[in-house]
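Listing of entry-v3.txt; format and content: compact mmCIF, C-alpha atoms and all ligand atoms.
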# COMPACT_ATOMS: atom_id res chain seq x y z
CA MET A 1 -17.94 13.34 -11.14
CA SER A 2 -15.89 10.83 -9.26
CA THR A 3 -16.50 9.37 -5.85
CA PRO A 4 -12.87 8.55 -5.01
CA ALA A 5 -13.60 7.72 -1.40
CA ASN A 6 -17.24 6.93 -1.88
CA SER A 7 -18.88 8.31 1.22
CA ALA A 8 -21.74 5.86 1.44
CA TYR A 9 -19.81 2.71 0.67
CA ASP A 10 -16.18 3.57 1.29
CA ARG A 11 -14.82 2.39 -2.04
CA THR A 12 -11.25 3.45 -1.30
CA PRO A 13 -9.45 3.81 -4.63
CA LEU A 14 -7.06 0.93 -5.29
CA ILE A 15 -3.92 1.77 -7.26
CA ALA A 16 -2.45 -1.61 -8.16
CA GLY A 17 0.86 -2.33 -9.90
CA ASN A 18 1.20 -5.64 -11.74
CA TRP A 19 4.93 -6.17 -12.18
CA LYS A 20 4.29 -9.24 -14.38
CA MET A 21 7.49 -11.27 -15.00
CA ASN A 22 9.77 -8.37 -14.17
CA MET A 23 11.87 -7.60 -11.09
CA ASP A 24 13.85 -10.36 -9.42
CA HIS A 25 14.01 -10.03 -5.63
CA VAL A 26 17.02 -7.69 -5.73
CA GLN A 27 15.52 -5.40 -8.38
CA GLY A 28 12.11 -5.63 -6.72
CA SER A 29 13.49 -4.50 -3.34
CA SER A 30 15.09 -1.49 -4.97
CA LEU A 31 11.90 -0.60 -6.88
CA LEU A 32 9.81 -0.89 -3.71
CA GLN A 33 12.18 1.36 -1.78
CA HIS A 34 12.09 3.97 -4.53
CA LEU A 35 8.31 3.69 -4.67
CA ALA A 36 7.99 4.12 -0.91
CA GLU A 37 10.17 7.25 -1.10
CA ALA A 38 8.19 8.69 -4.00
CA LEU A 39 4.90 7.98 -2.23
CA SER A 40 6.02 9.47 1.04
CA GLU A 41 7.35 12.62 -0.65
CA ALA A 42 4.03 13.01 -2.39
CA LYS A 43 1.97 11.96 0.60
CA HIS A 44 0.54 15.39 1.25
CA ASN A 45 -0.41 15.48 -2.42
CA TYR A 46 -2.88 12.69 -2.48
CA GLY A 47 -5.94 11.59 -0.64
CA ARG A 48 -6.99 8.26 0.71
CA VAL A 49 -5.84 5.57 -1.68
CA GLU A 50 -4.64 2.02 -1.22
CA VAL A 51 -1.46 1.18 -3.10
CA ALA A 52 -0.79 -2.48 -3.91
CA VAL A 53 2.05 -4.19 -5.75
CA PHE A 54 1.88 -7.60 -7.43
CA PRO A 55 5.47 -8.86 -7.79
CA PRO A 56 6.54 -12.26 -9.13
CA PHE A 57 6.28 -15.06 -6.54
CA THR A 58 10.05 -15.12 -5.94
CA THR A 59 10.05 -11.41 -5.07
CA LEU A 60 7.15 -11.57 -2.62
CA SER A 61 9.27 -12.50 0.39
CA ALA A 62 11.61 -9.52 -0.10
CA VAL A 63 8.57 -7.25 -0.53
CA GLN A 64 7.00 -8.62 2.65
CA THR A 65 10.20 -8.00 4.63
CA LEU A 66 10.46 -4.40 3.44
CA ILE A 67 6.80 -3.64 4.08
CA GLN A 68 6.99 -5.09 7.59
CA ASP A 69 10.42 -3.86 8.67
CA ASP A 70 10.11 -0.38 7.22
CA GLY A 71 6.40 -0.02 8.03
CA LEU A 72 5.58 0.88 4.44
CA ASP A 73 2.08 2.05 3.66
CA LEU A 74 1.68 -0.50 0.88
CA VAL A 75 0.15 -3.94 0.47
CA SER A 76 1.09 -6.83 -1.78
CA GLY A 77 -0.58 -9.51 -3.82
CA GLY A 78 0.26 -12.59 -5.88
CA GLN A 79 -0.17 -12.68 -9.66
CA ASP A 80 -1.89 -16.07 -9.63
CA LEU A 81 -2.72 -18.98 -7.32
CA SER A 82 -3.57 -22.65 -7.60
CA PRO A 83 -7.21 -23.70 -7.37
CA PHE A 84 -5.93 -26.38 -4.95
CA ASP A 85 -4.61 -25.92 -1.43
CA SER A 86 -1.69 -28.40 -1.41
CA GLY A 87 -0.43 -31.60 -2.97
CA ALA A 88 1.02 -32.94 -6.21
CA TYR A 89 0.69 -29.81 -8.37
CA THR A 90 4.25 -29.19 -9.49
CA GLY A 91 5.04 -25.55 -10.15
CA ASP A 92 1.83 -24.22 -8.65
CA ILE A 93 1.51 -21.86 -5.69
CA SER A 94 -1.12 -22.29 -2.99
CA GLY A 95 -3.13 -19.36 -1.69
CA GLN A 96 -1.98 -20.53 1.72
CA PHE A 97 1.63 -19.69 0.79
CA LEU A 98 0.62 -16.25 -0.46
CA ALA A 99 -1.28 -15.52 2.74
CA LYS A 100 1.77 -16.53 4.76
CA LEU A 101 3.88 -14.07 2.74
CA GLY A 102 1.58 -11.28 3.87
CA CYS A 103 -0.37 -10.97 0.61
CA LYS A 104 -3.71 -9.22 0.85
CA TYR A 105 -4.72 -9.69 -2.79
CA VAL A 106 -4.28 -12.14 -5.64
CA LEU A 107 -4.88 -11.60 -9.36
CA VAL A 108 -7.17 -14.20 -10.91
CA GLY A 109 -7.67 -14.61 -14.65
CA HIS A 110 -5.33 -11.98 -16.00
CA SER A 111 -5.68 -12.10 -19.78
CA GLU A 112 -2.07 -13.30 -20.07
CA ARG A 113 -3.03 -16.34 -17.97
CA ARG A 114 -6.22 -16.90 -19.94
CA THR A 115 -4.44 -16.80 -23.31
CA ILE A 116 -0.91 -18.09 -22.65
CA HIS A 117 -1.91 -20.71 -20.06
CA GLY A 118 -5.36 -21.51 -21.44
CA GLU A 119 -7.11 -20.88 -18.13
CA THR A 120 -10.85 -21.44 -18.42
CA ASP A 121 -13.69 -19.65 -16.68
CA GLU A 122 -14.30 -22.82 -14.65
CA THR A 123 -10.69 -22.95 -13.41
CA LEU A 124 -10.79 -19.26 -12.62
CA ASN A 125 -13.94 -19.65 -10.55
CA ALA A 126 -12.14 -22.39 -8.58
CA LYS A 127 -9.23 -19.99 -8.07
CA VAL A 128 -11.57 -17.26 -6.80
CA HIS A 129 -12.94 -19.71 -4.23
CA ALA A 130 -9.40 -20.83 -3.32
CA ALA A 131 -8.46 -17.20 -2.66
CA TYR A 132 -11.32 -16.78 -0.18
CA ARG A 133 -10.38 -20.03 1.58
CA HIS A 134 -7.08 -18.37 2.45
CA ALA A 135 -8.45 -14.94 3.32
CA LEU A 136 -7.05 -13.39 0.14
CA THR A 137 -9.08 -10.86 -1.82
CA PRO A 138 -9.27 -11.92 -5.47
CA VAL A 139 -8.84 -9.33 -8.18
CA LEU A 140 -10.83 -10.99 -10.95
CA CYS A 141 -9.62 -9.80 -14.35
CA VAL A 142 -12.06 -9.66 -17.24
CA GLY A 143 -12.04 -8.02 -20.66
CA GLU A 144 -12.37 -8.55 -24.37
CA GLY A 145 -9.93 -8.95 -27.25
CA LEU A 146 -9.84 -6.69 -30.28
CA ASP A 147 -12.02 -8.97 -32.44
CA ILE A 148 -14.79 -8.90 -29.87
CA ARG A 149 -14.51 -5.14 -29.41
CA GLN A 150 -14.76 -4.67 -33.19
CA ALA A 151 -17.79 -6.97 -33.33
CA GLY A 152 -19.43 -4.77 -30.68
CA THR A 153 -20.11 -7.65 -28.27
CA HIS A 154 -17.57 -6.56 -25.65
CA VAL A 155 -20.11 -5.94 -22.90
CA GLN A 156 -21.80 -9.35 -23.27
CA HIS A 157 -18.41 -11.08 -23.49
CA THR A 158 -17.03 -9.39 -20.38
CA LEU A 159 -20.19 -9.91 -18.34
CA ALA A 160 -20.13 -13.62 -19.23
CA GLN A 161 -16.58 -13.82 -17.84
CA LEU A 162 -17.78 -11.99 -14.72
CA ARG A 163 -20.75 -14.32 -14.16
CA ALA A 164 -18.53 -17.39 -14.50
CA GLY A 165 -15.91 -15.92 -12.17
CA VAL A 166 -18.33 -15.09 -9.34
CA ASP A 167 -20.34 -18.31 -9.53
CA ARG A 168 -21.33 -19.64 -6.08
CA LEU A 169 -19.91 -16.67 -4.15
CA SER A 170 -21.76 -15.51 -1.06
CA THR A 171 -22.97 -11.92 -0.96
CA GLN A 172 -20.29 -11.18 1.64
CA GLN A 173 -17.56 -12.54 -0.64
CA ALA A 174 -18.91 -10.68 -3.66
CA ALA A 175 -18.90 -7.40 -1.74
CA GLU A 176 -15.19 -7.86 -0.92
CA LEU A 177 -14.26 -8.83 -4.47
CA VAL A 178 -12.27 -6.54 -6.75
CA VAL A 179 -12.97 -6.76 -10.48
CA ALA A 180 -10.44 -5.42 -13.00
CA TYR A 181 -11.67 -4.59 -16.49
CA GLU A 182 -8.71 -4.91 -18.82
CA PRO A 183 -9.51 -4.79 -22.53
CA VAL A 184 -6.84 -7.05 -24.02
CA TRP A 185 -6.30 -4.72 -26.99
CA ALA A 186 -5.22 -1.95 -24.60
CA ILE A 187 -2.65 -3.98 -22.63
CA GLY A 188 0.96 -3.03 -23.30
CA THR A 189 -0.01 -1.51 -26.63
CA GLY A 190 -0.22 2.16 -25.75
CA GLU A 191 -3.86 1.98 -26.85
CA VAL A 192 -5.97 3.22 -23.95
CA ALA A 193 -9.67 2.71 -23.73
CA GLY A 194 -11.17 6.16 -23.24
CA PRO A 195 -12.58 7.11 -19.85
CA GLU A 196 -16.05 6.65 -21.34
CA ASP A 197 -15.15 3.08 -22.42
CA ALA A 198 -13.92 2.29 -18.90
CA GLN A 199 -17.11 3.78 -17.46
CA GLU A 200 -19.35 1.92 -19.92
CA MET A 201 -17.92 -1.43 -18.84
CA CYS A 202 -17.54 -0.69 -15.13
CA GLY A 203 -21.11 0.60 -15.06
CA ALA A 204 -22.31 -2.58 -16.78
CA ILE A 205 -20.33 -4.73 -14.32
CA ARG A 206 -21.86 -2.92 -11.35
CA THR A 207 -25.37 -3.33 -12.76
CA GLU A 208 -24.69 -7.04 -13.34
CA LEU A 209 -23.45 -7.47 -9.76
CA ALA A 210 -26.65 -5.84 -8.51
CA SER A 211 -28.74 -8.35 -10.43
CA LEU A 212 -26.56 -11.37 -9.49
CA PHE A 213 -26.34 -10.39 -5.82
CA ASP A 214 -27.95 -7.17 -4.60
CA ALA A 215 -27.59 -3.40 -4.78
CA ASP A 216 -25.51 -3.27 -1.62
CA VAL A 217 -22.94 -5.71 -3.03
CA ALA A 218 -22.82 -3.76 -6.29
CA ALA A 219 -22.22 -0.52 -4.40
CA ARG A 220 -19.36 -2.01 -2.38
CA THR A 221 -17.40 -4.00 -4.96
CA ARG A 222 -14.40 -2.09 -6.26
CA LEU A 223 -13.96 -1.97 -10.03
CA LEU A 224 -10.60 -1.20 -11.64
CA TYR A 225 -9.58 -0.30 -15.17
CA GLY A 226 -6.32 -1.62 -16.66
CA GLY A 227 -4.59 -1.17 -20.01
CA SER A 228 -1.78 1.33 -20.79
CA VAL A 229 -2.57 3.45 -17.71
CA LYS A 230 -0.02 6.23 -17.13
CA ALA A 231 0.12 9.27 -14.84
CA GLY A 232 -1.17 11.38 -17.74
CA ASN A 233 -4.35 9.43 -18.44
CA ALA A 234 -5.14 8.01 -14.98
CA PRO A 235 -6.98 11.04 -13.50
CA ALA A 236 -9.63 11.18 -16.25
CA ILE A 237 -10.22 7.42 -16.01
CA LEU A 238 -10.39 7.51 -12.20
CA ASN A 239 -12.79 10.43 -12.37
CA GLU A 240 -15.48 8.16 -13.82
CA THR A 241 -18.28 7.26 -11.43
CA ASP A 242 -17.85 3.50 -11.48
CA VAL A 243 -14.06 3.30 -11.74
CA ASP A 244 -12.58 2.73 -8.28
CA GLY A 245 -8.98 2.15 -9.18
CA VAL A 246 -6.47 1.12 -11.82
CA LEU A 247 -4.40 -1.98 -12.54
CA VAL A 248 -1.12 -0.75 -13.99
CA GLY A 249 1.46 -2.85 -15.85
CA GLY A 250 4.42 -1.12 -17.50
CA ALA A 251 4.07 2.20 -15.66
CA SER A 252 4.19 0.44 -12.28
CA LEU A 253 7.85 -0.43 -12.94
CA ASP A 254 8.72 3.28 -12.74
CA ALA A 255 8.47 4.41 -9.11
CA ALA A 256 7.93 8.11 -9.86
CA GLU A 257 5.33 7.44 -12.54
CA PHE A 258 3.41 5.00 -10.36
CA ALA A 259 3.51 7.40 -7.39
CA ASN A 260 2.10 10.09 -9.68
CA ILE A 261 -0.76 7.78 -10.64
CA ALA A 262 -1.47 7.31 -6.91
CA GLY A 263 -1.60 11.11 -6.69
CA PHE A 264 -4.41 11.38 -9.23
CA GLU A 265 -6.68 13.27 -6.84
CA ARG A 266 -4.26 16.19 -6.76
CA GLN A 267 -4.34 16.42 -10.54
CA LEU A 268 -8.14 16.30 -10.46
CA ALA A 269 -8.22 19.02 -7.81
CA GLY A 270 -5.71 21.15 -9.75
P1 LIG A 301 -0.02 -2.15 -19.21
O1 LIG A 301 -0.32 -1.08 -18.20
O2 LIG A 301 1.45 -2.37 -19.44
O3 LIG A 301 -0.80 -1.95 -20.47
O4 LIG A 301 -0.54 -3.54 -18.58
C1 LIG A 301 -1.83 -3.61 -18.10
C2 LIG A 301 -1.99 -4.89 -17.37
O5 LIG A 301 -2.03 -5.94 -17.97
C3 LIG A 301 -2.06 -4.84 -15.90
O6 LIG A 301 -2.44 -6.05 -15.37
Kindly present the structure from the file in structure tokens form.
Ligand code: 13P
Amino acid sequence: MSTPANSAYDRTPLIAGNWKMNMDHVQGSSLLQHLAEALSEAKHNYGRVEVAVFPPFTTLSAVQTLIQDDGLDLVSGGQDLSPFDSGAYTGDISGQFLAKLGCKYVLVGHSERRTIHGETDETLNAKVHAAYRHALTPVLCVGEGLDIRQAGTHVQHTLAQLRAGVDRLSTQQAAELVVAYEPVWAIGTGEVAGPEDAQEMCGAIRTELASLFDADVAARTRLLYGGSVKAGNAPAILNETDVDGVLVGGASLDAAEFANIAGFERQLAG
């Protein structure tokens, strides 16, 4: 049975929408307004959840303005950040800039960055540290490709990514971290890992965090599942003991669908 708002450790469920390279600032403003309306209409329908959106960099300012001016009950995050703080890194975005735009979170190591941009575990660890330098909470993305899943080494593979990502973190930092398990074969494909697959990996990640840090850290760190999450499959995934939220791609571009995912507790109760 789930522990949506885990009583002992307060793992408030995080419903996160990764807009990827969609939504310019005009489209993004409209989507956010529709999302805010859908969430507020459904507010009595869902329990304590945190809803976060991860727009493209150029849409973040518009999102910040709307959240602040309209007092929206939402938070934002960047999709990536530089491992460096400032200087001659053309095209890169400092965590400092994200913090100034009101971001609470930043994605680190999304599989599309690992594969398309060749980001290594070492670079991603530097990005995790850069996030903490600017008071951003990293959402460290890990997960295996289809070949590794078929070879049956998905747990070892994903835990190796985790260990590299959290290298040299303090226990305090590790407790604040969010880890997103996103099996690459389930991203944008319509293939969803079953709730038991999400639980298998999130359980293994929590056990690994306990051995790398301590049991208290492991009990506090929030673990998300991502990969073809929709309103229809989210409740069963979120009902798993070690799944504390979801990282949603395509379905986060539909305000009503995403608001329904945030309302998963109602579906579980019903
Ligand atoms: P989809 O939900 O479109 O499969 O994307 C998942 C994802 O990559 C979120 O970061």
Problem - Option closest in space to Ala259 (chain A), from A:Ala131, A:Phe57, A:Cys202, A:Ala231 [counting only C-alpha atoms] - result: A:Ala231
Practice task
Give the answer as one residue: which of A:Asp24, A:Asp197, A:Glu257, A:Glu191 has the shortest atom-to-atom distance to ligand LIG 301 (chain A), using all atoms listed in the file?
Solution key: A:Glu191
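Atom pair CA of Arg48 (chain A) / CA of Ser111 (chain A) has a distance of 28.9 Å (rounded to one decimal).
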Exercise for the section: May I ask which of the residues A:Asp10, A:Glu200, A:Glu50, A:Glu37 is the closest one to Ala256 (chain A), counting all atoms listed in the file? Expected result: A:Glu37
Handout entry: Arg149 (chain A) environment, 12 Å, all atoms listed in the file, sequence neighbours closer than 2 positions dropped, as an MDAnalysis selection string
Key = chainID A and resid 143:147 151:158 183:186 193 197 201
Could you work out an axis-aligned bounding box for all listed atoms of region 117-124 of chain A, with 5 Å added on each of the six sides, and give its centre and edge lengths in Å to one decimal, as AutoDock Vina command-line options?
--center_x -8.1 --center_y -21.1 --center_z -17.0 --size_x 22.4 --size_y 13.7 --size_z 18.8
Exercise for the section: Give me the residues within 10 Å of Tyr132 (chain A) as a VMD selection string, counting only C-alpha atoms and dropping any in the same chain fewer than 3 places off. Expected result: chain A and resid 95 127 to 129 135 to 138 169 173 176 to 177
Exercise for the section: Tell me which protein, DNA and RNA residues are within 6 Å of region 239-242 of chain A, counting only C-alpha atoms, leaving out same-chain ones fewer than 3 positions away, and put them as a VMD selection string. Expected result: chain A and resid 2 199 202 to 203 235 to 236
Generate the output file for the selected residues, C-alpha atoms, as a PDB file, in the coordinates of the input.
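Saved to selection.pdb:
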ATOM      1  CA  SER A   2     -15.890  10.830  -9.260  1.00  0.00           C
ATOM      2  CA  GLN A 199     -17.110   3.780 -17.460  1.00  0.00           C
ATOM      3  CA  CYS A 202     -17.540  -0.690 -15.130  1.00  0.00           C
ATOM      4  CA  GLY A 203     -21.110   0.600 -15.060  1.00  0.00           C
ATOM      5  CA  PRO A 235      -6.980  11.040 -13.500  1.00  0.00           C
ATOM      6  CA  ALA A 236      -9.630  11.180 -16.250  1.00  0.00           C
TER       7      ALA A 236
END
Practice task
Name the closest residue to ligand LIG 301 (chain A) among the candidates A:Ala251, A:Ala204, A:Leu140, A:Val243; distances are taken between atoms, counting only C-alpha atoms and all ligand atoms.
Solution key: A:Ala251
Fill in the blank from the handout: The residue from A:Asp73, A:Arg113, A:Asp167, A:Glu41 with the smallest atom-to-atom distance to Asn260 (chain A), counting all atoms listed in the file, is A:Glu41
Handout entry: Pairwise distance for CA of Val192 (chain A) and CA of Val217 (chain A), rounded to one decimal in Å
Key =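 Separation between CA of Val192 (chain A) and CA of Val217 (chain A): 28.4 Å.
Where the distance criterion is 6 Å and the atoms used are all atoms listed in the file, the residues close to ligand LIG 301 (chain A) are Asn18, Ile187, Gly188, Gly226, Gly227, Ser228, Val229, Leu247, Val248, Gly249 and Gly250 of chain A.
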Export of the given selection (C-alpha atoms) as a PDB file, in the frame of the given file:
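Saved result, again.pdb, follows:
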ATOM      1  CA  ASN A  18       1.200  -5.640 -11.740  1.00  0.00           C
ATOM      2  CA  ILE A 187      -2.650  -3.980 -22.630  1.00  0.00           C
ATOM      3  CA  GLY A 188       0.960  -3.030 -23.300  1.00  0.00           C
ATOM      4  CA  GLY A 226      -6.320  -1.620 -16.660  1.00  0.00           C
ATOM      5  CA  GLY A 227      -4.590  -1.170 -20.010  1.00  0.00           C
ATOM      6  CA  SER A 228      -1.780   1.330 -20.790  1.00  0.00           C
ATOM      7  CA  VAL A 229      -2.570   3.450 -17.710  1.00  0.00           C
ATOM      8  CA  LEU A 247      -4.400  -1.980 -12.540  1.00  0.00           C
ATOM      9  CA  VAL A 248      -1.120  -0.750 -13.990  1.00  0.00           C
ATOM     10  CA  GLY A 249       1.460  -2.850 -15.850  1.00  0.00           C
ATOM     11  CA  GLY A 250       4.420  -1.120 -17.500  1.00  0.00           C
TER      12      GLY A 250
END
Exercise for the section: With a distance cut-off of 12 Å and only C-alpha atoms, select the neighbouring residues of Ala219 (chain A), excluding the residue or stretch itself and same-chain residues fewer than 5 positions from it, and output the selection as an MDAnalysis selection string. Expected result: chainID A and resid 3 6:11 171 174:178 202:203 205:211 213:214 241:244
Practice task
In Å, rounded to a single decimal, give me how far CA of Leu60 (chain A) is from CA of Asp85 (chain A).
Solution key: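 For CA of Asp85 (chain A) relative to CA of Leu60 (chain A), the distance reads 18.6 Å.
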Handout entry: Test item: residues at most 6 Å from Val106 (chain A), only C-alpha atoms, excluding those fewer than 3 positions along its chain, as number ranges by chain
Key = A: 77-79, 138-139
Completion exercise
Restricting to all atoms listed in the file, whichever of A:Ala215, A:Val142, A:Ala16, A:Leu81 is closest to Leu98 (chain A) is A:Leu81
